[in-house]
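> Structure incoming, see below.
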Amino acid sequence: MTDRTSSITTHNGKTSELPVLSGTHGPDVIDVRGLYKDTGNFTYDPGYATTASCKSAITFIDGDEGVLLYRGYPIEQLAEHSTYLEVCHLLMYGELPNKQEGQEFNEIIKQHTMVHENIRDFINGFRYDAHPMAMLVGTIGALSSFYHDSLDITNPKHREISAQRLIAKMPTIASYCYNHSRGLPFMYPDNNLSYVENFTRLMFAVPAEEFEPNPVAVKALELIMILHADHEQNASTSTVRLAGSSGANPFASIAAGVASLWGPAHGGANEACVNMLDAIVNSGETIEKTIARAKDKNDPFRLMGFGHRVYKNFDPRAKIIQKMCHDLLSELGGDTPMFNLARELEEATLADEYFIERKLYPNVDFYSGIIFRALDIPMNMFTVMFAMSRTVGWISHWMEMHEDPEGRIGRPRQIYTGAAKRDYPT
């Protein structure tokens, strides 16, 4: 990885020769680990926007070109050809499964879909109006009190079985958080169904009636889960790695990731999109007025779900999910003011030079929020759905971190701006 060095001289006249590292794709990276030893200086990078915190072989993003790769495979190809569990296998183990490996992995996941009965009691202990994300954070963290047999983070087999349990149990726990908030009965998993079919049953079935998963809805959810399975070193993934670097068990580490995802700037984007669409519908505002307000620098209104912090050209996931969104609305008869507005807003922005020049295209959150609404998934469950999809990414990074010989506890530095040293007043 190292083929040259970069020399830096600091204000105090001290010089450091810093290695330049090259990855498979992406910009070269200056290794600043020796900077403090050589010069007595740290680097300053709020939000770590230009700092590589780790080496990873899992996911690569090129925001300028609109590229997203899972283990080298373009997201477009995986979305077209893979199931979610095949993507889980790919992220965890580095390769797509062959037929036998795929069957074995599916069976292992099915064996772990049920949760301990006390976990049901645990969820029932929350207030009737508790937010589903509050229940999810607490319940995922509580799993470590149920599975003492796999908490040795130095044991690769323990790490693997914990990962399998988390992937298998997350849909069950997510559905129980939803059911508790709605006063509905908890359903047991049906291992005759696929992973995503099972989740729709856990969410929407009741004991008194037969349940038949809607294939279009299942396909839409599976696509969303594939597109959200991982996204490199974002806030929640970095949180999982930072928590895990201290030696925290996998359930505590993933709970930390769930908590980070709960922040509206991270996991709440699709909810913000639906809220925006609802607000426009309720105001009776025309599309022309909405577009004009979005262009007006003096108007605080902003279009949610357009553009992306990482993707400066287009969000490749949005192109994939766009057709599915349209197909689902057609299948389910999504003829409501909000869905009609979304279609009109999409068409208007894609044809408007202002948005084209600024590359403000609809992103994956715009379409996923509409899909969740079309499937009657309430907005307070949107981030739970995101967490369920992202669990495999989090746990894959957690496993990779523990396999890295350079791994060490995270310890960011700071610029201290408080009071200078002073004496206690007497």
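The chains in the structure tokens are called A, B, ... from first to last as shown; in each chain the residues are counted from 1, and the ligands are counted from 1 in the order shown.
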Could you list, as a list in words, every residue within 9 Å of segment 59-71 of chain A, counting only C-alpha atoms and ignoring same-chain residues fewer than 2 positions away?
His25, Gly26, Ser56, Ala57, Tyr73, Pro74, Ile75, Glu76, Leu78, Val87, Leu90, Leu91, Gly94, Glu95, Asp230, His231, Glu232, Gln233, His308, Arg309, Val310, Tyr311, Lys312, Asn313, Phe314, Asp315, Pro316 and Arg317 of chain A
> Enumerate the residues of segment 140-335 of chain A with a DSSP assignment of helix (DSSP H, G or I), computed from the backbone, and present them as a PyMOL selection string.
chain A and resi 140-145+148-150+156-182+195-204+215-227+235-245+250-261+269-283+287-295+316-332
> I'd like the neighbourhood of Thr239 of chain A as a tab-separated table (two decimals) with N, CA, C and O atoms, in the first residue's frame, where a residue qualifies if any of its atoms comes within 8 Å (using only C-alpha atoms), though same-chain residues fewer than 5 positions away should be ignored.

```tsv
chain	number	residue	atom	x	y	z
A	253	SER	N	-22.48	-2.97	20.77
A	253	SER	CA	-21.93	-2.18	19.67
A	253	SER	C	-23.00	-1.85	18.64
A	253	SER	O	-23.09	-0.72	18.15
A	256	ALA	N	-25.35	0.74	19.87
A	256	ALA	CA	-24.77	2.07	19.71
A	256	ALA	C	-25.00	2.59	18.29
A	256	ALA	O	-25.29	3.77	18.07
A	257	GLY	N	-24.89	1.69	17.31
A	257	GLY	CA	-25.16	2.08	15.93
A	257	GLY	C	-26.61	2.47	15.72
A	257	GLY	O	-26.91	3.45	15.02
A	260	SER	N	-27.11	5.94	17.03
A	260	SER	CA	-26.58	6.95	16.13
A	260	SER	C	-27.50	7.15	14.93
A	260	SER	O	-27.74	8.28	14.49
```
> Go through A:Val137, A:Met324, A:Ile254, A:Ile109 and flag the residue nearest Trp398 of chain A, using only C-alpha atoms for the distances.
A:Ile254
> Leaving out segment 383-390 of chain A and any residue of its chain fewer than 4 positions from it, which residues lie within 6 Å of it when counting only C-alpha atoms, given as a compact mmCIF listing (two decimals) with N, CA and C atoms, in the first residue's frame?

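result18.txt, freshly written:
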```txt
# COMPACT_ATOMS: atom_id res chain seq x y z
N MET A 170 -33.26 -9.44 14.10
CA MET A 170 -33.64 -8.04 13.94
C MET A 170 -35.05 -7.88 13.36
N MET A 225 -33.87 -3.06 1.32
CA MET A 225 -32.91 -3.62 2.28
C MET A 225 -31.55 -3.85 1.64
N HIS A 228 -29.79 -0.48 1.32
CA HIS A 228 -29.40 0.12 2.59
C HIS A 228 -28.48 -0.78 3.42
N ALA A 229 -28.04 -1.90 2.87
CA ALA A 229 -27.29 -2.87 3.67
C ALA A 229 -25.98 -2.31 4.22
N ASP A 230 -25.32 -1.45 3.45
CA ASP A 230 -24.09 -0.83 3.96
C ASP A 230 -23.83 0.44 3.17
N GLY A 267 -30.60 8.91 10.03
CA GLY A 267 -31.62 7.93 9.67
C GLY A 267 -33.01 8.51 9.43
```
> Please provide the set of residues having any atom within 8 Å of segment 128-131 of chain A, restricted to only C-alpha atoms, with same-chain residues fewer than 4 positions apart removed, written as an MDAnalysis selection string.
chainID A and resid 135 180:183 380
> Grab the atom CA of Ala292 of chain A to atom CA of Phe355 of chain A distance for me, in Å with one decimal place.
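Result for atom CA of Ala292 of chain A versus atom CA of Phe355 of chain A: 11.5 Å, one decimal.
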> Point out the residue among A:Gly141, A:Pro189, A:Gly284, A:Gly244 with the least atom-to-atom distance to Trp394 of chain A, counting only C-alpha atoms.
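Under the stated criterion, the closest residue is A:Gly244.
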> Neighbouring residues of segment 190-205 of chain A were defined as those with any atom within 8 Å, considering only C-alpha atoms; residues of the same chain fewer than 4 positions away were excluded. Please report them as a PyMOL selection string.
chain A and resi 85+110+171-172+175-176+178-179+186+209-213+218+221-222
> Write out, as a CSV table (one decimal), in the first residue's frame, the residues just selected, with all heavy atoms.

```csv
chain,number,residue,atom,x,y,z
A,85,LEU,N,-30.3,-11.9,1.7
A,85,LEU,CA,-29.5,-12.8,2.4
A,85,LEU,C,-28.2,-13.1,1.6
A,85,LEU,O,-27.1,-13.4,2.2
A,85,LEU,CB,-30.2,-14.1,2.8
A,85,LEU,CG,-31.2,-13.9,4.0
A,85,LEU,CD1,-31.7,-15.3,4.4
A,85,LEU,CD2,-30.6,-13.3,5.2
A,110,LYS,N,-32.5,-18.9,9.6
A,110,LYS,CA,-33.8,-19.4,10.0
A,110,LYS,C,-33.8,-20.0,11.4
A,110,LYS,O,-34.8,-19.8,12.1
A,110,LYS,CB,-34.4,-20.4,9.0
A,110,LYS,CG,-34.9,-19.8,7.7
A,110,LYS,CD,-35.4,-20.9,6.7
A,110,LYS,CE,-35.9,-20.3,5.4
A,110,LYS,NZ,-36.5,-21.3,4.5
A,171,PRO,N,-35.5,-8.6,12.3
A,171,PRO,CA,-36.8,-8.5,11.8
A,171,PRO,C,-37.9,-8.8,12.9
A,171,PRO,O,-38.9,-8.2,13.0
A,171,PRO,CB,-36.9,-9.4,10.6
A,171,PRO,CG,-35.5,-9.6,10.2
A,171,PRO,CD,-34.7,-9.5,11.4
A,172,THR,N,-37.6,-9.9,13.7
A,172,THR,CA,-38.6,-10.3,14.7
A,172,THR,C,-38.7,-9.1,15.8
A,172,THR,O,-39.8,-8.7,16.1
A,172,THR,CB,-38.1,-11.6,15.4
A,172,THR,OG1,-37.8,-12.5,14.4
A,172,THR,CG2,-39.1,-12.1,16.3
A,175,SER,N,-40.4,-6.0,14.3
A,175,SER,CA,-41.9,-6.2,14.2
A,175,SER,C,-42.6,-6.1,15.6
A,175,SER,O,-43.7,-5.6,15.7
A,175,SER,CB,-42.2,-7.5,13.6
A,175,SER,OG,-41.9,-8.6,14.4
A,176,TYR,N,-41.9,-6.6,16.6
A,176,TYR,CA,-42.4,-6.6,18.0
A,176,TYR,C,-42.5,-5.1,18.5
A,176,TYR,O,-43.4,-4.8,19.2
A,176,TYR,CB,-41.6,-7.4,18.9
A,176,TYR,CG,-41.8,-8.9,18.7
A,176,TYR,CD1,-41.1,-9.9,19.5
A,176,TYR,CD2,-42.7,-9.4,17.8
A,176,TYR,CE1,-41.3,-11.2,19.3
A,176,TYR,CE2,-42.8,-10.8,17.6
A,176,TYR,CZ,-42.1,-11.7,18.3
A,176,TYR,OH,-42.3,-13.0,18.1
A,178,TYR,N,-43.0,-2.6,16.6
A,178,TYR,CA,-44.2,-2.0,15.9
A,178,TYR,C,-45.5,-2.5,16.5
A,178,TYR,O,-46.4,-1.7,16.8
A,178,TYR,CB,-44.1,-2.5,14.4
A,178,TYR,CG,-45.4,-2.2,13.7
A,178,TYR,CD1,-45.8,-1.0,13.2
A,178,TYR,CD2,-46.3,-3.3,13.4
A,178,TYR,CE1,-47.0,-0.8,12.5
A,178,TYR,CE2,-47.4,-3.1,12.7
A,178,TYR,CZ,-47.8,-1.9,12.2
A,178,TYR,OH,-49.0,-1.7,11.6
A,179,ASN,N,-45.6,-3.8,16.8
A,179,ASN,CA,-46.8,-4.4,17.3
A,179,ASN,C,-47.1,-3.9,18.7
A,179,ASN,O,-48.3,-3.6,19.0
A,179,ASN,CB,-46.7,-6.0,17.3
A,179,ASN,CG,-46.7,-6.6,16.0
A,179,ASN,OD1,-47.2,-6.0,15.0
A,179,ASN,ND2,-46.0,-7.7,15.8
A,186,PHE,N,-48.0,-10.3,19.1
A,186,PHE,CA,-46.8,-10.7,18.6
A,186,PHE,C,-46.9,-12.0,17.8
A,186,PHE,O,-47.5,-13.0,18.3
A,186,PHE,CB,-45.7,-10.9,19.7
A,186,PHE,CG,-45.4,-9.6,20.4
A,186,PHE,CD1,-44.7,-9.7,21.6
A,186,PHE,CD2,-45.7,-8.4,20.0
A,186,PHE,CE1,-44.3,-8.5,22.3
A,186,PHE,CE2,-45.4,-7.2,20.7
A,186,PHE,CZ,-44.7,-7.3,21.8
A,209,GLU,N,-56.3,-14.8,11.3
A,209,GLU,CA,-56.5,-14.8,9.8
A,209,GLU,C,-55.3,-15.4,9.1
A,209,GLU,O,-54.2,-15.3,9.6
A,209,GLU,CB,-56.8,-13.4,9.2
A,209,GLU,CG,-58.0,-12.8,9.8
A,209,GLU,CD,-58.2,-11.3,9.3
A,209,GLU,OE1,-57.3,-10.9,8.5
A,209,GLU,OE2,-59.1,-10.6,9.7
A,210,GLU,N,-55.5,-16.0,8.0
A,210,GLU,CA,-54.4,-16.4,7.1
A,210,GLU,C,-53.7,-15.2,6.5
A,210,GLU,O,-54.4,-14.2,6.3
A,210,GLU,CB,-54.9,-17.3,6.0
A,210,GLU,CG,-55.4,-18.7,6.5
A,210,GLU,CD,-54.3,-19.5,7.0
A,210,GLU,OE1,-53.2,-19.5,6.5
A,210,GLU,OE2,-54.5,-20.2,8.0
A,211,PHE,N,-52.4,-15.3,6.3
A,211,PHE,CA,-51.7,-14.2,5.8
A,211,PHE,C,-50.9,-14.6,4.5
A,211,PHE,O,-50.2,-15.6,4.5
A,211,PHE,CB,-50.7,-13.6,6.8
A,211,PHE,CG,-49.9,-12.5,6.2
A,211,PHE,CD1,-50.4,-11.2,6.2
A,211,PHE,CD2,-48.6,-12.7,5.8
A,211,PHE,CE1,-49.6,-10.1,5.7
A,211,PHE,CE2,-47.8,-11.6,5.3
A,211,PHE,CZ,-48.4,-10.4,5.2
A,212,GLU,N,-51.1,-13.9,3.4
A,212,GLU,CA,-50.4,-14.1,2.2
A,212,GLU,C,-49.6,-12.9,1.8
A,212,GLU,O,-50.1,-11.8,1.5
A,212,GLU,CB,-51.5,-14.4,1.1
A,212,GLU,CG,-50.9,-14.9,-0.2
A,212,GLU,CD,-50.3,-16.3,-0.1
A,212,GLU,OE1,-50.8,-17.1,0.7
A,212,GLU,OE2,-49.3,-16.5,-0.9
A,213,PRO,N,-48.3,-13.0,1.9
A,213,PRO,CA,-47.4,-11.9,1.5
A,213,PRO,C,-47.7,-11.4,0.1
A,213,PRO,O,-47.8,-12.2,-0.8
A,213,PRO,CB,-46.0,-12.4,1.7
A,213,PRO,CG,-46.1,-13.7,2.5
A,213,PRO,CD,-47.5,-14.2,2.2
A,218,VAL,N,-43.1,-7.4,-1.1
A,218,VAL,CA,-42.0,-8.1,-0.7
A,218,VAL,C,-40.8,-7.7,-1.5
A,218,VAL,O,-39.6,-7.5,-1.0
A,218,VAL,CB,-42.2,-9.7,-0.7
A,218,VAL,CG1,-40.9,-10.4,-0.6
A,218,VAL,CG2,-43.2,-10.1,0.3
A,221,LEU,N,-39.6,-4.2,-0.5
A,221,LEU,CA,-38.8,-4.2,0.7
A,221,LEU,C,-37.5,-4.8,0.6
A,221,LEU,O,-36.5,-4.3,1.2
A,221,LEU,CB,-39.6,-4.9,1.8
A,221,LEU,CG,-40.8,-4.2,2.5
A,221,LEU,CD1,-41.5,-5.0,3.5
A,221,LEU,CD2,-40.2,-2.9,3.2
A,222,GLU,N,-37.4,-5.9,-0.2
A,222,GLU,CA,-36.1,-6.6,-0.3
A,222,GLU,C,-35.1,-5.7,-1.1
A,222,GLU,O,-34.0,-5.6,-0.7
A,222,GLU,CB,-36.3,-7.9,-1.1
A,222,GLU,CG,-35.0,-8.7,-1.3
A,222,GLU,CD,-35.2,-10.2,-1.1
A,222,GLU,OE1,-36.2,-10.7,-1.5
A,222,GLU,OE2,-34.3,-10.8,-0.5
```
> Restricting the calculation to only C-alpha atoms, which member of A:His397, A:His11, A:Ser330, A:Leu18 is positioned closest to Ala243 of chain A?
A:His397
> Find the residues near Lys295 of chain A: any atom within 12 Å, counting only C-alpha atoms, skip ones fewer than 3 places away on the same chain, and give them as a list in words.
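Final neighbour list, sorted by chain and number: Glu288, Lys289, Thr290, Ile291, Ala292, Asn298, Asp299, Pro300, Phe301, Arg302, Leu303, Thr349, Asp352, Glu353, Tyr354, Phe355, Arg358 and Leu360 of chain A.
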> For the residues in that selection, give me all heavy atoms as a short mmCIF file (atom, residue, chain, number, x, y, z; two decimals), in the first residue's frame.

```cif
data_model
loop_
_atom_site.label_atom_id
_atom_site.label_comp_id
_atom_site.auth_asym_id
_atom_site.auth_seq_id
_atom_site.Cartn_x
_atom_site.Cartn_y
_atom_site.Cartn_z
N GLU A 288 -45.67 24.66 -8.85
CA GLU A 288 -44.92 25.83 -9.29
C GLU A 288 -44.45 26.67 -8.11
O GLU A 288 -43.30 27.14 -8.08
CB GLU A 288 -45.78 26.68 -10.24
CG GLU A 288 -46.08 26.02 -11.58
CD GLU A 288 -47.14 24.93 -11.48
OE1 GLU A 288 -47.87 24.90 -10.45
OE2 GLU A 288 -47.24 24.12 -12.42
N LYS A 289 -45.33 26.86 -7.14
CA LYS A 289 -44.98 27.65 -5.95
C LYS A 289 -43.91 26.92 -5.12
O LYS A 289 -42.97 27.57 -4.61
CB LYS A 289 -46.23 27.88 -5.10
CG LYS A 289 -45.98 28.67 -3.82
CD LYS A 289 -45.60 30.11 -4.10
CE LYS A 289 -45.36 30.91 -2.81
NZ LYS A 289 -46.56 30.97 -1.95
N THR A 290 -44.05 25.61 -5.00
CA THR A 290 -43.07 24.83 -4.24
C THR A 290 -41.69 24.92 -4.87
O THR A 290 -40.68 25.13 -4.18
CB THR A 290 -43.51 23.35 -4.16
OG1 THR A 290 -44.76 23.26 -3.49
CG2 THR A 290 -42.47 22.52 -3.42
N ILE A 291 -41.63 24.77 -6.19
CA ILE A 291 -40.35 24.85 -6.90
C ILE A 291 -39.75 26.26 -6.75
O ILE A 291 -38.54 26.41 -6.52
CB ILE A 291 -40.55 24.52 -8.39
CG1 ILE A 291 -40.97 23.06 -8.57
CG2 ILE A 291 -39.28 24.81 -9.18
CD1 ILE A 291 -39.93 22.06 -8.15
N ALA A 292 -40.59 27.28 -6.86
CA ALA A 292 -40.10 28.66 -6.71
C ALA A 292 -39.54 28.89 -5.32
O ALA A 292 -38.49 29.55 -5.15
CB ALA A 292 -41.23 29.63 -7.01
N ASN A 298 -33.85 33.34 -0.08
CA ASN A 298 -34.36 34.02 1.11
C ASN A 298 -35.48 33.25 1.79
O ASN A 298 -35.97 33.66 2.84
CB ASN A 298 -34.86 35.41 0.73
CG ASN A 298 -33.74 36.29 0.21
OD1 ASN A 298 -32.63 36.28 0.74
ND2 ASN A 298 -34.02 37.04 -0.85
N ASP A 299 -35.90 32.15 1.20
CA ASP A 299 -36.95 31.32 1.78
C ASP A 299 -36.30 30.14 2.49
O ASP A 299 -35.49 29.42 1.90
CB ASP A 299 -37.89 30.82 0.67
CG ASP A 299 -39.17 30.20 1.23
OD1 ASP A 299 -39.10 29.47 2.23
OD2 ASP A 299 -40.25 30.46 0.63
N PRO A 300 -36.60 29.92 3.77
CA PRO A 300 -35.96 28.82 4.50
C PRO A 300 -36.38 27.43 4.02
O PRO A 300 -35.77 26.42 4.39
CB PRO A 300 -36.42 29.05 5.96
CG PRO A 300 -37.71 29.81 5.82
CD PRO A 300 -37.54 30.68 4.62
N PHE A 301 -37.41 27.36 3.18
CA PHE A 301 -37.89 26.07 2.70
C PHE A 301 -36.83 25.38 1.84
O PHE A 301 -36.19 26.00 1.00
CB PHE A 301 -39.17 26.26 1.87
CG PHE A 301 -39.64 25.00 1.18
CD1 PHE A 301 -40.28 24.00 1.89
CD2 PHE A 301 -39.42 24.81 -0.18
CE1 PHE A 301 -40.70 22.84 1.27
CE2 PHE A 301 -39.85 23.67 -0.82
CZ PHE A 301 -40.49 22.68 -0.09
N ARG A 302 -36.64 24.07 2.07
CA ARG A 302 -35.74 23.27 1.27
C ARG A 302 -36.44 21.97 0.88
O ARG A 302 -37.19 21.40 1.68
CB ARG A 302 -34.45 22.95 2.04
CG ARG A 302 -33.58 24.17 2.33
CD ARG A 302 -32.97 24.74 1.05
NE ARG A 302 -32.16 25.93 1.31
CZ ARG A 302 -32.60 27.17 1.25
NH1 ARG A 302 -33.88 27.41 0.96
NH2 ARG A 302 -31.80 28.19 1.47
N LEU A 303 -36.15 21.51 -0.33
CA LEU A 303 -36.70 20.23 -0.76
C LEU A 303 -35.93 19.10 -0.07
O LEU A 303 -34.71 18.99 -0.21
CB LEU A 303 -36.58 20.07 -2.28
CG LEU A 303 -37.58 20.84 -3.15
CD1 LEU A 303 -37.30 20.53 -4.61
CD2 LEU A 303 -39.01 20.48 -2.78
N THR A 349 -38.63 18.55 -11.02
CA THR A 349 -37.22 18.78 -10.69
C THR A 349 -36.29 18.14 -11.72
O THR A 349 -35.22 18.69 -12.02
CB THR A 349 -36.89 18.22 -9.29
OG1 THR A 349 -37.27 16.84 -9.22
CG2 THR A 349 -37.61 19.00 -8.21
N ASP A 352 -36.09 20.62 -14.62
CA ASP A 352 -35.77 22.02 -14.31
C ASP A 352 -34.26 22.24 -14.32
O ASP A 352 -33.51 21.54 -13.62
CB ASP A 352 -36.34 22.38 -12.94
CG ASP A 352 -36.32 23.87 -12.68
OD1 ASP A 352 -35.22 24.45 -12.67
OD2 ASP A 352 -37.41 24.45 -12.47
N GLU A 353 -33.79 23.21 -15.11
CA GLU A 353 -32.36 23.48 -15.25
C GLU A 353 -31.69 23.82 -13.91
O GLU A 353 -30.54 23.49 -13.68
CB GLU A 353 -32.11 24.61 -16.25
CG GLU A 353 -32.31 24.21 -17.70
CD GLU A 353 -31.38 23.09 -18.12
OE1 GLU A 353 -30.20 23.10 -17.69
OE2 GLU A 353 -31.81 22.19 -18.87
N TYR A 354 -32.43 24.50 -13.04
CA TYR A 354 -31.88 24.87 -11.73
C TYR A 354 -31.41 23.62 -10.97
O TYR A 354 -30.31 23.58 -10.43
CB TYR A 354 -32.93 25.62 -10.92
CG TYR A 354 -32.51 25.98 -9.51
CD1 TYR A 354 -31.89 27.20 -9.25
CD2 TYR A 354 -32.74 25.12 -8.44
CE1 TYR A 354 -31.49 27.54 -7.96
CE2 TYR A 354 -32.36 25.45 -7.15
CZ TYR A 354 -31.73 26.66 -6.92
OH TYR A 354 -31.34 26.98 -5.64
N PHE A 355 -32.25 22.59 -10.94
CA PHE A 355 -31.93 21.37 -10.21
C PHE A 355 -30.94 20.51 -10.99
O PHE A 355 -30.08 19.85 -10.39
CB PHE A 355 -33.21 20.59 -9.91
CG PHE A 355 -34.15 21.32 -9.00
CD1 PHE A 355 -35.20 22.07 -9.52
CD2 PHE A 355 -33.98 21.29 -7.63
CE1 PHE A 355 -36.06 22.77 -8.68
CE2 PHE A 355 -34.83 21.98 -6.78
CZ PHE A 355 -35.87 22.73 -7.31
N ARG A 358 -27.38 21.88 -10.55
CA ARG A 358 -26.88 21.64 -9.19
C ARG A 358 -26.89 20.18 -8.80
O ARG A 358 -26.55 19.83 -7.66
CB ARG A 358 -27.70 22.48 -8.18
CG ARG A 358 -27.46 23.97 -8.31
CD ARG A 358 -28.56 24.78 -7.67
NE ARG A 358 -28.27 26.22 -7.73
CZ ARG A 358 -28.45 26.95 -8.84
NH1 ARG A 358 -28.91 26.38 -9.95
NH2 ARG A 358 -28.17 28.25 -8.84
N LEU A 360 -29.31 18.25 -8.18
CA LEU A 360 -30.24 18.00 -7.08
C LEU A 360 -31.33 17.03 -7.55
O LEU A 360 -32.48 17.39 -7.79
CB LEU A 360 -30.86 19.31 -6.59
CG LEU A 360 -29.88 20.31 -5.97
CD1 LEU A 360 -30.58 21.62 -5.63
CD2 LEU A 360 -29.24 19.71 -4.72
#
```
> Rank A:Val115, A:Pro132, A:Met187, A:Cys54 by their smallest atom-to-atom distance to Pro405 of chain A, using only C-alpha atoms, and report the top residue only.
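Smallest distance to Pro405 of chain A is found for A:Cys54.
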> Smallest atom-to-atom distance to Thr39 of chain A: which of A:Asn249, A:Ser16, A:Thr237, A:Thr83, using only C-alpha atoms?
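Ranking A:Asn249, A:Ser16, A:Thr237, A:Thr83 by distance to Thr39 of chain A, first place goes to A:Ser16.
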> Calculate how many Å separate atom CA of His112 of chain A from atom CA of Gly72 of chain A, rounding to one decimal.
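Those two atoms sit 28.9 Å apart.
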> From the options A:Ala217, A:Asn340, A:Pro207, A:Ile371, which residue's atoms come nearest to Asn270 of chain A, counting only C-alpha atoms?
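Nearest to Asn270 of chain A: A:Ile371.
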> Give me every strand (DSSP E or B) residue in segment 58-132 of chain A, going by DSSP on the backbone, as a PyMOL selection string.
chain A and resi 59-62+67-70+73-74
> I'd like the interatomic distance between atom CA of Asp38 of chain A and atom CA of Asn12 of chain A, to a tenth of an Å.
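If I compute the distance from atom CA of Asp38 of chain A to atom CA of Asn12 of chain A, I get 11.1 Å.
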